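Asker: The file below is query_25.pdb, PDB, C-alpha atoms:
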ATOM      1  CA  MET G   1     -72.165  45.491  25.134
ATOM      2  CA  LEU G   2     -72.929  42.802  22.551
ATOM      3  CA  LYS G   3     -70.081  41.402  20.438
ATOM      4  CA  GLY G   4     -70.269  39.905  16.979
ATOM      5  CA  THR G   5     -68.851  39.473  13.476
ATOM      6  CA  VAL G   6     -69.995  41.564  10.534
ATOM      7  CA  LEU G   7     -71.436  39.226   7.908
ATOM      8  CA  ARG G   8     -72.391  41.795   5.349
ATOM      9  CA  ALA G   9     -72.366  45.547   4.703
ATOM     10  CA  GLN G  10     -74.921  47.099   2.391
ATOM     11  CA  ASN G  11     -76.766  50.411   2.071
ATOM     12  CA  SER G  12     -75.237  51.829   5.279
ATOM     13  CA  PHE G  13     -76.386  48.782   7.271
ATOM     14  CA  PHE G  14     -74.077  46.218   8.841
ATOM     15  CA  TYR G  15     -75.510  42.772   9.540
ATOM     16  CA  VAL G  16     -73.748  41.347  12.576
ATOM     17  CA  ASP G  17     -73.730  37.718  13.730
ATOM     18  CA  THR G  18     -74.161  37.803  17.534
ATOM     19  CA  ALA G  19     -75.275  35.556  20.368
ATOM     20  CA  GLU G  20     -78.705  37.176  19.919
ATOM     21  CA  GLY G  21     -78.828  36.270  16.214
ATOM     22  CA  ILE G  22     -78.192  38.468  13.182
ATOM     23  CA  VAL G  23     -78.629  42.130  14.089
ATOM     24  CA  ALA G  24     -79.040  44.951  11.568
ATOM     25  CA  THR G  25     -76.844  47.793  12.789
ATOM     26  CA  LYS G  26     -75.613  51.240  11.869
ATOM     27  CA  LEU G  27     -72.323  52.926  12.652
ATOM     28  CA  ARG G  28     -72.111  55.339  15.577
ATOM     29  CA  GLY G  29     -71.600  58.923  14.355
ATOM     30  CA  ARG G  30     -68.268  59.385  16.114
ATOM     31  CA  LEU G  31     -66.858  56.389  14.239
ATOM     32  CA  LYS G  32     -67.935  57.965  10.966
ATOM     33  CA  LYS G  33     -66.270  61.227  11.927
ATOM     34  CA  ALA G  34     -63.096  59.346  12.773
ATOM     35  CA  ARG G  35     -63.338  57.594   9.390
ATOM     36  CA  ILE G  36     -63.259  54.157  10.980
ATOM     37  CA  ALA G  37     -64.525  51.848   8.261
ATOM     38  CA  VAL G  38     -66.353  48.612   8.995
ATOM     39  CA  VAL G  39     -66.384  45.754   6.481
ATOM     40  CA  PRO G  40     -67.418  42.086   6.480
ATOM     41  CA  GLY G  41     -65.201  40.059   8.770
ATOM     42  CA  ASP G  42     -64.714  42.841  11.298
ATOM     43  CA  GLU G  43     -65.228  42.027  14.966
ATOM     44  CA  VAL G  44     -67.402  44.724  16.535
ATOM     45  CA  GLU G  45     -69.118  45.722  19.772
ATOM     46  CA  LEU G  46     -72.630  47.079  19.517
ATOM     47  CA  GLU G  47     -75.444  48.477  21.603
ATOM     48  CA  LEU G  48     -78.719  46.617  21.112
ATOM     49  CA  LEU G  49     -81.709  48.953  20.759
ATOM     50  CA  SER G  50     -85.292  48.322  21.873
ATOM     51  CA  ASP G  51     -86.510  47.724  18.317
ATOM     52  CA  GLY G  52     -84.035  44.881  17.813
ATOM     53  CA  THR G  53     -81.561  46.851  15.705
ATOM     54  CA  GLY G  54     -78.176  47.985  16.940
ATOM     55  CA  VAL G  55     -75.493  50.656  16.846
ATOM     56  CA  ILE G  56     -71.832  49.730  16.389
ATOM     57  CA  GLU G  57     -69.789  51.363  19.140
ATOM     58  CA  ARG G  58     -66.363  49.875  18.488
ATOM     59  CA  ARG G  59     -64.436  47.998  15.819
ATOM     60  CA  GLY G  60     -61.867  45.483  16.998
ATOM     61  CA  GLU G  61     -58.267  45.337  15.836
ATOM     62  CA  ARG G  62     -57.789  43.678  12.454
ATOM     63  CA  LYS G  63     -55.180  41.067  11.689
ATOM     64  CA  ASN G  64     -55.402  41.901   7.980
ATOM     65  CA  LEU G  65     -57.629  43.381   5.289
ATOM     66  CA  LEU G  66     -58.340  41.897   1.898
ATOM     67  CA  ARG G  67     -58.643  45.088  -0.091
ATOM     68  CA  ARG G  68     -60.729  43.967  -3.066
ATOM     69  CA  PRO G  69     -63.333  42.917  -2.209
ATOM     70  CA  ALA G  70     -62.996  44.414   1.280
ATOM     71  CA  VAL G  71     -63.043  41.634   3.894
ATOM     72  CA  ALA G  72     -61.270  41.816   7.262
ATOM     73  CA  ASN G  73     -59.536  39.105   9.279
ATOM     74  CA  VAL G  74     -59.101  36.694   6.385
ATOM     75  CA  ASP G  75     -57.175  33.453   6.946
ATOM     76  CA  GLN G  76     -56.866  32.468   3.311
ATOM     77  CA  VAL G  77     -57.881  33.275  -0.238
ATOM     78  CA  VAL G  78     -59.120  30.403  -2.387
ATOM     79  CA  LEU G  79     -58.621  31.334  -6.026
ATOM     80  CA  VAL G  80     -60.766  29.166  -8.289
ATOM     81  CA  PHE G  81     -60.053  28.531 -11.973
ATOM     82  CA  ALA G  82     -61.241  25.891 -14.421
ATOM     83  CA  ALA G  83     -58.980  23.341 -16.077
ATOM     84  CA  CYS G  84     -61.129  23.760 -19.190
ATOM     85  CA  HIS G  85     -64.464  25.226 -20.288
ATOM     86  CA  PRO G  86     -63.034  27.858 -20.111
ATOM     87  CA  ASP G  87     -59.444  26.661 -20.570
ATOM     88  CA  ILE G  88     -57.089  27.788 -17.854
ATOM     89  CA  ASN G  89     -55.308  31.038 -18.697
ATOM     90  CA  GLU G  90     -52.003  31.302 -16.847
ATOM     91  CA  VAL G  91     -51.708  35.045 -17.453
ATOM     92  CA  LEU G  92     -55.092  35.511 -15.787
ATOM     93  CA  VAL G  93     -54.047  33.232 -12.924
ATOM     94  CA  ASP G  94     -50.927  35.359 -12.414
ATOM     95  CA  ARG G  95     -52.976  38.544 -12.273
ATOM     96  CA  PHE G  96     -55.283  37.125  -9.623
ATOM     97  CA  LEU G  97     -52.323  35.847  -7.611
ATOM     98  CA  VAL G  98     -50.746  39.326  -7.678
ATOM     99  CA  LEU G  99     -53.993  40.830  -6.411
ATOM    100  CA  ALA G 100     -54.106  38.325  -3.554
ATOM    101  CA  GLU G 101     -50.430  38.924  -2.704
ATOM    102  CA  TRP G 102     -51.048  42.674  -2.769
ATOM    103  CA  SER G 103     -53.710  42.265  -0.085
ATOM    104  CA  GLY G 104     -51.186  40.648   2.253
ATOM    105  CA  ILE G 105     -53.056  37.395   2.912
ATOM    106  CA  ARG G 106     -50.622  34.778   4.191
ATOM    107  CA  HIS G 107     -52.171  31.695   2.630
ATOM    108  CA  ILE G 108     -53.296  31.557  -0.996
ATOM    109  CA  LEU G 109     -54.804  28.305  -2.268
ATOM    110  CA  LEU G 110     -55.081  27.841  -6.023
ATOM    111  CA  CYS G 111     -57.951  25.502  -6.914
ATOM    112  CA  ILE G 112     -58.298  24.145 -10.436
ATOM    113  CA  ASN G 113     -61.850  22.901 -10.899
ATOM    114  CA  LYS G 114     -63.393  20.790 -13.699
ATOM    115  CA  SER G 115     -60.402  18.442 -13.828
ATOM    116  CA  ASP G 116     -62.812  15.699 -14.922
ATOM    117  CA  LEU G 117     -63.391  17.514 -18.216
ATOM    118  CA  VAL G 118     -59.747  17.555 -19.305
ATOM    119  CA  THR G 119     -59.349  15.731 -22.611
ATOM    120  CA  GLU G 120     -56.461  14.804 -24.865
ATOM    121  CA  GLY G 121     -55.015  17.863 -26.534
ATOM    122  CA  ALA G 122     -55.952  20.176 -23.655
ATOM    123  CA  PRO G 123     -53.241  22.156 -21.819
ATOM    124  CA  ASP G 124     -51.040  19.903 -19.654
ATOM    125  CA  LEU G 125     -52.776  20.369 -16.310
ATOM    126  CA  GLN G 126     -50.108  18.616 -14.242
ATOM    127  CA  LYS G 127     -47.394  20.787 -15.765
ATOM    128  CA  ILE G 128     -49.347  23.903 -14.801
ATOM    129  CA  ILE G 129     -49.902  22.573 -11.276
ATOM    130  CA  ASP G 130     -46.196  21.750 -10.893
ATOM    131  CA  SER G 131     -45.165  25.222 -12.082
ATOM    132  CA  TYR G 132     -47.196  26.976  -9.382
ATOM    133  CA  THR G 133     -46.268  24.435  -6.717
ATOM    134  CA  ALA G 134     -42.603  25.132  -7.468
ATOM    135  CA  ILE G 135     -43.165  28.813  -6.676
ATOM    136  CA  GLY G 136     -44.558  27.870  -3.267
ATOM    137  CA  TYR G 137     -48.317  27.987  -3.816
ATOM    138  CA  ASP G 138     -50.631  25.249  -2.612
ATOM    139  CA  VAL G 139     -52.508  23.920  -5.636
ATOM    140  CA  LEU G 140     -55.484  21.586  -5.582
ATOM    141  CA  SER G 141     -56.905  19.856  -8.640
ATOM    142  CA  LEU G 142     -60.530  18.971  -8.078
ATOM    143  CA  SER G 143     -63.969  18.458  -9.547
ATOM    144  CA  ALA G 144     -67.210  19.652  -8.051
ATOM    145  CA  GLN G 145     -68.989  17.252 -10.394
ATOM    146  CA  THR G 146     -67.223  14.012  -9.369
ATOM    147  CA  GLY G 147     -66.214  15.007  -5.843
ATOM    148  CA  LYS G 148     -62.478  14.714  -6.507
ATOM    149  CA  GLY G 149     -60.543  16.786  -3.965
ATOM    150  CA  ILE G 150     -63.666  18.084  -2.221
ATOM    151  CA  GLU G 151     -62.896  16.461   1.141
ATOM    152  CA  LYS G 152     -59.386  17.948   1.120
ATOM    153  CA  LEU G 153     -60.794  21.367   0.281
ATOM    154  CA  LYS G 154     -63.347  21.013   3.071
ATOM    155  CA  ARG G 155     -60.591  20.201   5.579
ATOM    156  CA  THR G 156     -58.580  23.198   4.363
ATOM    157  CA  VAL G 157     -61.415  25.686   4.958
ATOM    158  CA  THR G 158     -62.675  24.207   8.241
ATOM    159  CA  GLY G 159     -62.142  26.584  11.157
ATOM    160  CA  LYS G 160     -60.912  29.411   8.956
ATOM    161  CA  THR G 161     -62.273  32.497   7.250
ATOM    162  CA  SER G 162     -61.813  31.633   3.586
ATOM    163  CA  VAL G 163     -62.545  34.004   0.723
ATOM    164  CA  PHE G 164     -63.485  32.324  -2.556
ATOM    165  CA  ALA G 165     -62.762  34.355  -5.666
ATOM    166  CA  GLY G 166     -62.111  33.880  -9.344
ATOM    167  CA  PRO G 167     -63.381  34.669 -12.817
ATOM    168  CA  SER G 168     -66.875  33.739 -13.946
ATOM    169  CA  GLY G 169     -67.692  30.329 -15.380
ATOM    170  CA  VAL G 170     -65.142  28.344 -13.371
ATOM    171  CA  GLY G 171     -67.616  26.612 -11.061
ATOM    172  CA  LYS G 172     -67.017  28.550  -7.854
ATOM    173  CA  SER G 173     -70.653  28.268  -6.773
ATOM    174  CA  SER G 174     -70.631  24.539  -7.519
ATOM    175  CA  LEU G 175     -67.564  24.105  -5.310
ATOM    176  CA  LEU G 176     -69.191  26.022  -2.472
ATOM    177  CA  ASN G 177     -72.252  23.813  -2.758
ATOM    178  CA  ALA G 178     -70.057  20.707  -2.844
ATOM    179  CA  ILE G 179     -68.207  21.510   0.380
ATOM    180  CA  SER G 180     -71.314  22.885   2.086
ATOM    181  CA  PRO G 181     -74.469  21.164   0.774
ATOM    182  CA  GLY G 182     -77.393  23.517   1.025
ATOM    183  CA  TRP G 183     -75.146  26.540   0.465
ATOM    184  CA  TYR G 184     -77.883  28.441  -1.347
ATOM    185  CA  LEU G 185     -80.414  27.407   1.283
ATOM    186  CA  SER G 186     -78.110  28.886   3.920
ATOM    187  CA  ILE G 187     -77.654  32.052   1.902
ATOM    188  CA  GLY G 188     -81.408  32.246   1.459
ATOM    189  CA  SER G 189     -81.849  31.991   5.218
ATOM    190  CA  VAL G 190     -79.368  34.776   5.850
ATOM    191  CA  SER G 191     -80.882  36.869   3.080
ATOM    192  CA  GLU G 192     -84.330  36.534   4.589
ATOM    193  CA  LYS G 193     -83.032  37.751   7.954
ATOM    194  CA  ILE G 194     -81.431  40.794   6.356
ATOM    195  CA  LYS G 195     -84.396  41.351   4.016
ATOM    196  CA  ARG G 196     -82.682  40.618   0.750
ATOM    197  CA  GLY G 197     -84.084  38.927  -2.311
ATOM    198  CA  ARG G 198     -82.608  36.094  -4.302
ATOM    199  CA  HIS G 199     -78.901  35.474  -3.992
ATOM    200  CA  THR G 200     -76.716  37.300  -6.465
ATOM    201  CA  THR G 201     -73.060  37.805  -5.605
ATOM    202  CA  ARG G 202     -72.669  41.571  -5.724
ATOM    203  CA  VAL G 203     -70.971  42.273  -2.400
ATOM    204  CA  ALA G 204     -68.901  40.161  -0.024
ATOM    205  CA  GLN G 205     -70.896  38.025   2.398
ATOM    206  CA  LEU G 206     -69.743  35.722   5.184
ATOM    207  CA  LEU G 207     -71.540  32.436   5.785
ATOM    208  CA  PRO G 208     -70.756  30.519   9.015
ATOM    209  CA  PHE G 209     -69.131  27.145   8.309
ATOM    210  CA  VAL G 210     -67.602  24.726  10.858
ATOM    211  CA  ASP G 211     -66.001  27.159  13.325
ATOM    212  CA  GLY G 212     -65.168  29.629  10.563
ATOM    213  CA  PHE G 213     -66.672  31.389   7.596
ATOM    214  CA  LEU G 214     -66.919  30.871   3.866
ATOM    215  CA  VAL G 215     -66.911  34.198   2.091
ATOM    216  CA  ASP G 216     -68.854  34.484  -1.120
ATOM    217  CA  THR G 217     -67.654  37.446  -3.165
ATOM    218  CA  PRO G 218     -68.232  39.059  -6.538
ATOM    219  CA  GLY G 219     -64.685  37.866  -7.241
ATOM    220  CA  PHE G 220     -61.673  39.945  -8.020
ATOM    221  CA  SER G 221     -61.639  41.736 -11.320
ATOM    222  CA  ALA G 222     -58.445  41.057 -13.214
ATOM    223  CA  THR G 223     -58.367  44.726 -14.168
ATOM    224  CA  GLU G 224     -58.088  45.873 -10.562
ATOM    225  CA  LEU G 225     -54.343  46.496 -10.631
ATOM    226  CA  ALA G 226     -54.709  50.264 -10.638
ATOM    227  CA  ASP G 227     -53.369  50.814  -7.116
ATOM    228  CA  ILE G 228     -50.220  48.729  -7.622
ATOM    229  CA  THR G 229     -47.253  50.884  -8.601
ATOM    230  CA  PRO G 230     -44.514  49.772 -11.030
ATOM    231  CA  ALA G 231     -41.969  49.948  -8.209
ATOM    232  CA  GLU G 232     -43.801  47.456  -5.975
ATOM    233  CA  LEU G 233     -45.159  45.041  -8.576
ATOM    234  CA  ALA G 234     -42.158  42.680  -8.586
ATOM    235  CA  SER G 235     -42.496  42.092  -4.833
ATOM    236  CA  PHE G 236     -45.836  40.362  -5.466
ATOM    237  CA  PHE G 237     -44.085  37.619  -7.455
ATOM    238  CA  PRO G 238     -42.690  35.341  -4.687
ATOM    239  CA  GLU G 239     -40.002  33.785  -6.913
ATOM    240  CA  PHE G 240     -38.634  37.268  -7.722
ATOM    241  CA  ARG G 241     -38.102  38.259  -4.096
ATOM    242  CA  PRO G 242     -34.714  36.542  -3.475
ATOM    243  CA  PHE G 243     -33.209  38.573  -6.339
ATOM    244  CA  LEU G 244     -34.777  42.014  -5.912
ATOM    245  CA  ASN G 245     -31.947  43.469  -3.811
ATOM    246  CA  ALA G 246     -29.174  42.076  -5.999
ATOM    247  CA  CYS G 247     -29.740  44.255  -9.080
ATOM    248  CA  ARG G 248     -27.124  46.820 -10.085
ATOM    249  CA  PHE G 249     -29.620  49.686  -9.862
ATOM    250  CA  ASN G 250     -31.939  50.367  -6.917
ATOM    251  CA  THR G 251     -34.594  51.583  -9.341
ATOM    252  CA  CYS G 252     -34.392  48.491 -11.540
ATOM    253  CA  THR G 253     -37.725  47.588 -13.139
ATOM    254  CA  HIS G 254     -36.372  44.147 -14.144
ATOM    255  CA  SER G 255     -37.334  44.765 -17.741
ATOM    256  CA  HIS G 256     -34.449  46.299 -19.698
ATOM    257  CA  GLU G 257     -31.710  47.377 -17.265
ATOM    258  CA  PRO G 258     -28.210  45.838 -17.311
ATOM    259  CA  GLY G 259     -27.077  43.991 -14.204
ATOM    260  CA  CYS G 260     -30.603  42.815 -13.370
ATOM    261  CA  ALA G 261     -30.576  39.850 -10.989
ATOM    262  CA  VAL G 262     -34.157  38.941 -11.864
ATOM    263  CA  LYS G 263     -33.330  38.636 -15.565
ATOM    264  CA  GLU G 264     -30.244  36.607 -14.679
ATOM    265  CA  ALA G 265     -32.425  34.250 -12.626
ATOM    266  CA  LEU G 266     -34.738  33.999 -15.646
ATOM    267  CA  ASN G 267     -31.800  33.031 -17.883
ATOM    268  CA  GLN G 268     -30.776  30.389 -15.349
ATOM    269  CA  GLY G 269     -34.258  28.859 -15.297
ATOM    270  CA  LYS G 270     -34.975  29.940 -11.718
ATOM    271  CA  ILE G 271     -37.916  32.046 -12.920
ATOM    272  CA  SER G 272     -40.300  30.706 -15.559
ATOM    273  CA  VAL G 273     -40.700  32.456 -18.885
ATOM    274  CA  SER G 274     -44.499  32.482 -18.555
ATOM    275  CA  ARG G 275     -44.404  34.183 -15.154
ATOM    276  CA  TYR G 276     -41.856  36.748 -16.330
ATOM    277  CA  THR G 277     -43.997  37.457 -19.393
ATOM    278  CA  SER G 278     -46.995  38.056 -17.112
ATOM    279  CA  TYR G 279     -44.870  40.420 -15.032
ATOM    280  CA  LEU G 280     -43.816  42.455 -18.071
ATOM    281  CA  GLU G 281     -47.417  42.744 -19.240
ATOM    282  CA  MET G 282     -48.569  44.024 -15.837
ATOM    283  CA  LEU G 283     -45.562  46.330 -15.558
ATOM    284  CA  GLN G 284     -46.378  47.916 -18.898
ATOM    285  CA  GLU G 285     -49.989  48.487 -17.824
ATOM    286  CA  SER G 286     -48.916  49.974 -14.500
ATOM    287  CA  ALA G 287     -46.409  52.319 -16.145
ATOM    288  CA  ALA G 288     -49.019  53.436 -18.692
ATOM    289  CA  ARG G 289     -51.500  54.267 -15.908
ATOM    290  CA  LYS G 290     -48.861  56.261 -14.080
ATOM    291  CA  LYS G 291     -48.275  58.409 -17.171
ATOM    292  CA  VAL G 292     -52.003  58.986 -17.616
ATOM    293  CA  TYR G 293     -52.447  60.001 -13.960
ATOM    294  CA  ARG G 294     -49.726  62.614 -14.329
TER
END
Once more with this new file: its structure as structure tokens, please.

Answerer:
Amino acid sequence: MLKGTVLRAQNSFFYVDTAEGIVATKLRGRLKKARIAVVPGDEVELELLSDGTGVIERRGERKNLLRRPAVANVDQVVLVFAACHPDINEVLVDRFLVLAEWSGIRHILLCINKSDLVTEGAPDLQKIIDSYTAIGYDVLSLSAQTGKGIEKLKRTVTGKTSVFAGPSGVGKSSLLNAISPGWYLSIGSVSEKIKRGRHTTRVAQLLPFVDGFLVDTPGFSATELADITPAELASFFPEFRPFLNACRFNTCTHSHEPGCAVKEALNQGKISVSRYTSYLEMLQESAARKKVYR
């Protein structure tokens, strides 16, 4: 039985990186009946057929699953934003961080690209960096254009499966090219093997990189909060967690109730106003969806 890692899933085919090269495979019928899903990042065992294609017989145990976009066995999520052009939007950053927390990935790295373009009068980048560092996130200020921070980013992703995601226009592709020169050439090579055309990021794809993988994705959509319930939302804000069990009411939404430990922490400066404002905005959206679904 041949073993390998699923690089890509598209049109019912799974392209698996094996010792025999990249093999186009399909899922064995019994796995379909058992509703065993296979996504990029999964470790699988397959039977190699005479025509060079394969059939996946078994999916290995997962250590985790990034839910959107679906990628298995992820070591870290690298969320990329721009310091300017477009200016960094902290509310948008918070939404992406919640989505990453929701997926249960242990390490989240916040990268702020285009730091070389920051000019006088722009948002205070260091203040923003310090605010997220204080919460416990690793934050890296860098520039794909000048090379600032690229070596540190390269060391961080070496030997790991790292998913890069973020809104459009922030320079994600430029960063990937900076840490792995010839990125698009490599993608072109993989695409040729799996009979794809020019590279456009529509589905998640793994690209081997120094004992690990870089994962190019369509990026999270900031609107993809639909599956997060109002009751669980607060748990995806790390600085809220120490206070969640200290509220007067077990059903506290941390918005209007008396005896709320989260609001008390806010008043004491232990939770930032901007983060709490982001929470309230997402809570309102989640509650509104719940009413509609009823």

Asker: Give the answer as one residue: which of G:Gly29, G:Pro208, G:Gly41, G:Pro230 has the shortest atom-to-atom distance to Cys252 (chain G), using all atoms listed in the file?

Answerer: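 Going through G:Gly29, G:Pro208, G:Gly41, G:Pro230 one by one, the smallest distance to Cys252 (chain G) is for G:Pro230.
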
Asker: Just the number, please: distance in Å from CA of Pro242 (chain G) to CA of Arg275 (chain G), one decimal.

Answerer: 15.4 Å

Asker: Which residues are close to Leu175 (chain G), i.e. within 12 Å by only C-alpha atoms, leaving aside same-chain residues fewer than 5 positions away? Reply as a PyMOL selection string.

Answerer: chain G and resi 78-82+111-114+141-151+153-154+164-166+169-170+180-184+214+216

Asker: For CA of Pro238 (chain G) and CA of His85 (chain G), determine how far apart the two atoms are, in Å to one decimal place.

Answerer: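 Rounded to one decimal, the two atoms are 28.6 Å apart.
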
Asker: Can you list what the PyMOL selection byres ((chain G and resi 13) around 9) grabs from this structure, as a list in words?

Answerer: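 Here the PyMOL selection byres ((chain G and resi 13) around 9) matches Arg8, Ala9, Gln10, Asn11, Ser12, Phe14, Tyr15, Ala24, Thr25, Lys26 and Leu27 of chain G.
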
Asker: Give the answer as one residue: which of G:Thr277, G:Asn89, G:Thr229, G:Asn177 has the shortest atom-to-atom distance to Asp124 (chain G), using all atoms listed in the file?

Answerer: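 Closest candidate: G:Asn89.
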
Asker: As an exercise, work out the distance from CA of Ser103 (chain G) to CA of Lys63 (chain G) in Å and give it to one decimal place.

Answerer: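 One can read the CA of Ser103 (chain G) to CA of Lys63 (chain G) distance as 11.9 Å.
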
Asker: Applied to this file, what does the PyMOL selection byres ((chain G and resi 108) around 9) return in terms of residues, put as a PyMOL selection string?

Answerer: chain G and resi 76-79+97+100-101+105-107+109-110+137-139

Asker: Write out, as a PDB file, in the frame of the given file, the residues just selected, with C-alpha atoms.

Answerer:
ATOM      1  CA  GLN G  76     -56.866  32.468   3.311  1.00  0.00           C
ATOM      2  CA  VAL G  77     -57.881  33.275  -0.238  1.00  0.00           C
ATOM      3  CA  VAL G  78     -59.120  30.403  -2.387  1.00  0.00           C
ATOM      4  CA  LEU G  79     -58.621  31.334  -6.026  1.00  0.00           C
ATOM      5  CA  LEU G  97     -52.323  35.847  -7.611  1.00  0.00           C
ATOM      6  CA  ALA G 100     -54.106  38.325  -3.554  1.00  0.00           C
ATOM      7  CA  GLU G 101     -50.430  38.924  -2.704  1.00  0.00           C
ATOM      8  CA  ILE G 105     -53.056  37.395   2.912  1.00  0.00           C
ATOM      9  CA  ARG G 106     -50.622  34.778   4.191  1.00  0.00           C
ATOM     10  CA  HIS G 107     -52.171  31.695   2.630  1.00  0.00           C
ATOM     11  CA  LEU G 109     -54.804  28.305  -2.268  1.00  0.00           C
ATOM     12  CA  LEU G 110     -55.081  27.841  -6.023  1.00  0.00           C
ATOM     13  CA  TYR G 137     -48.317  27.987  -3.816  1.00  0.00           C
ATOM     14  CA  ASP G 138     -50.631  25.249  -2.612  1.00  0.00           C
ATOM     15  CA  VAL G 139     -52.508  23.920  -5.636  1.00  0.00           C
TER      16      VAL G 139
END

Asker: Around all the atoms of region 153-165 of chain G listed in the file, with 3 Å of room on each side, what axis-aligned box do you get, giving centre and edge lengths in Å to one decimal, as JSON?

Answerer:
{"center_x": -61.0, "center_y": 27.3, "center_z": 2.7, "size_x": 10.9, "size_y": 20.2, "size_z": 22.8}

Asker: How close does each residue of region 70-181 of chain G get to region 49-62 of chain G, giving the shortest atom pair and distance in Å to one decimal for every residue with an atom at most 10 Å away, counting all atoms listed in the file, sorted by chain and residue number, as a Markdown table?

Answerer:
| residue | atom | partner | partner_atom | distance |
| --- | --- | --- | --- | --- |
| G:Ala72 | CA | G:Arg62 | CA | 6.5 |
| G:Asn73 | CA | G:Arg62 | CA | 5.8 |
| G:Val74 | CA | G:Arg62 | CA | 9.3 |

Asker: With the PyMOL selection byres ((chain G and resi 212) around 9) as the selection, what would be picked from this file? Answer as a list in words, please.

Answerer: Val157, Thr158, Gly159, Lys160, Thr161, Ser162, Leu207, Pro208, Phe209, Val210, Asp211, Phe213 and Leu214 of chain G

Asker: Output as a tab-separated table one row per residue of region 101-137 of chain G within 12 Å of region 271-274 of chain G: the closest atom pair and its distance in Å to one decimal place, counting only C-alpha atoms, sorted by chain and residue number ascending.

Answerer:
residue	atom	partner	partner_atom	distance
G:Ile128	CA	G:Ser274	CA	10.5
G:Asp130	CA	G:Ser272	CA	11.7
G:Ser131	CA	G:Ser272	CA	8.1
G:Tyr132	CA	G:Ser272	CA	10.0
G:Ala134	CA	G:Ile271	CA	10.0
G:Ile135	CA	G:Ile271	CA	8.8

Asker: Under the rule that only C-alpha atoms are counted, which of G:Leu206, G:Ser235, G:Gly104, G:Ala261 is the nearest residue to Arg248 (chain G)?

Answerer: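 Ranking G:Leu206, G:Ser235, G:Gly104, G:Ala261 by distance to Arg248 (chain G), first place goes to G:Ala261.
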
Asker: Please identify all polymer residues within 10 Å of Lys270 (chain G), counting all atoms listed in the file, omitting same-chain residues fewer than 5 positions from it, and present them as JSON, numbers by chain.

Answerer: {"G": [134, 135, 239, 240, 262, 263, 264, 265]}

Asker: List the spatial neighbours of Ala70 (chain G) as a ChimeraX atom specification - criterion: any atom at most 9 Å away, all atoms listed in the file, same-chain residues fewer than 5 positions off excluded.

Answerer: /G:39-41,65,204

Asker: Using all atoms listed in the file, which residue out of G:Asp75, G:Glu45, G:Asp116, G:Glu232 lies closest to Thr18 (chain G)?

Answerer: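 Once distances to Thr18 (chain G) are computed over all atoms listed in the file, the minimum belongs to G:Glu45.
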
Asker: Please determine, counting only C-alpha atoms, which residue among G:Leu2, G:Val16, G:Leu31, G:Val215 has the shortest atom-to-atom distance to Pro69 (chain G).

Answerer: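 Using only C-alpha atoms, Pro69 (chain G) sits closest to G:Val215.
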
Asker: Would you pick out the contacts of Arg95 (chain G) at 9 Å or less, using all atoms listed in the file, so that residues sharing its chain but fewer than 4 positions from it are not included, and give the list as an MDAnalysis selection string?

Answerer: chainID G and resid 90:91 99:100 222:223 225 278:279 282

Asker: Reconstruct region 28-36 of chain G at the level of N, CA, C and O atoms, and format the result as a compact mmCIF listing (two decimals), keeping the file's coordinate frame.

Answerer:
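This went into rebuild-v2.txt:
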# COMPACT_ATOMS: atom_id res chain seq x y z
N ARG G 28 -72.03 54.18 14.70
CA ARG G 28 -72.11 55.34 15.58
C ARG G 28 -71.46 56.53 14.89
O ARG G 28 -70.43 56.41 14.23
N GLY G 29 -72.06 57.72 15.04
CA GLY G 29 -71.60 58.92 14.36
C GLY G 29 -70.14 59.25 14.60
O GLY G 29 -69.43 59.68 13.68
N ARG G 30 -69.66 59.03 15.81
CA ARG G 30 -68.27 59.38 16.11
C ARG G 30 -67.29 58.49 15.35
O ARG G 30 -66.17 58.91 15.04
N LEU G 31 -67.72 57.26 15.03
CA LEU G 31 -66.86 56.39 14.24
C LEU G 31 -66.79 56.88 12.80
O LEU G 31 -65.74 56.82 12.16
N LYS G 32 -67.92 57.39 12.31
CA LYS G 32 -67.94 57.96 10.97
C LYS G 32 -67.02 59.18 10.89
O LYS G 32 -66.25 59.34 9.94
N LYS G 33 -67.11 60.03 11.91
CA LYS G 33 -66.27 61.23 11.93
C LYS G 33 -64.79 60.87 11.97
O LYS G 33 -63.95 61.56 11.40
N ALA G 34 -64.49 59.79 12.67
CA ALA G 34 -63.10 59.35 12.77
C ALA G 34 -62.66 58.52 11.56
O ALA G 34 -61.52 58.07 11.49
N ARG G 35 -63.60 58.35 10.62
CA ARG G 35 -63.34 57.59 9.39
C ARG G 35 -62.88 56.17 9.68
O ARG G 35 -61.96 55.65 9.05
N ILE G 36 -63.53 55.55 10.65
CA ILE G 36 -63.26 54.16 10.98
C ILE G 36 -64.22 53.30 10.16
O ILE G 36 -65.42 53.26 10.43
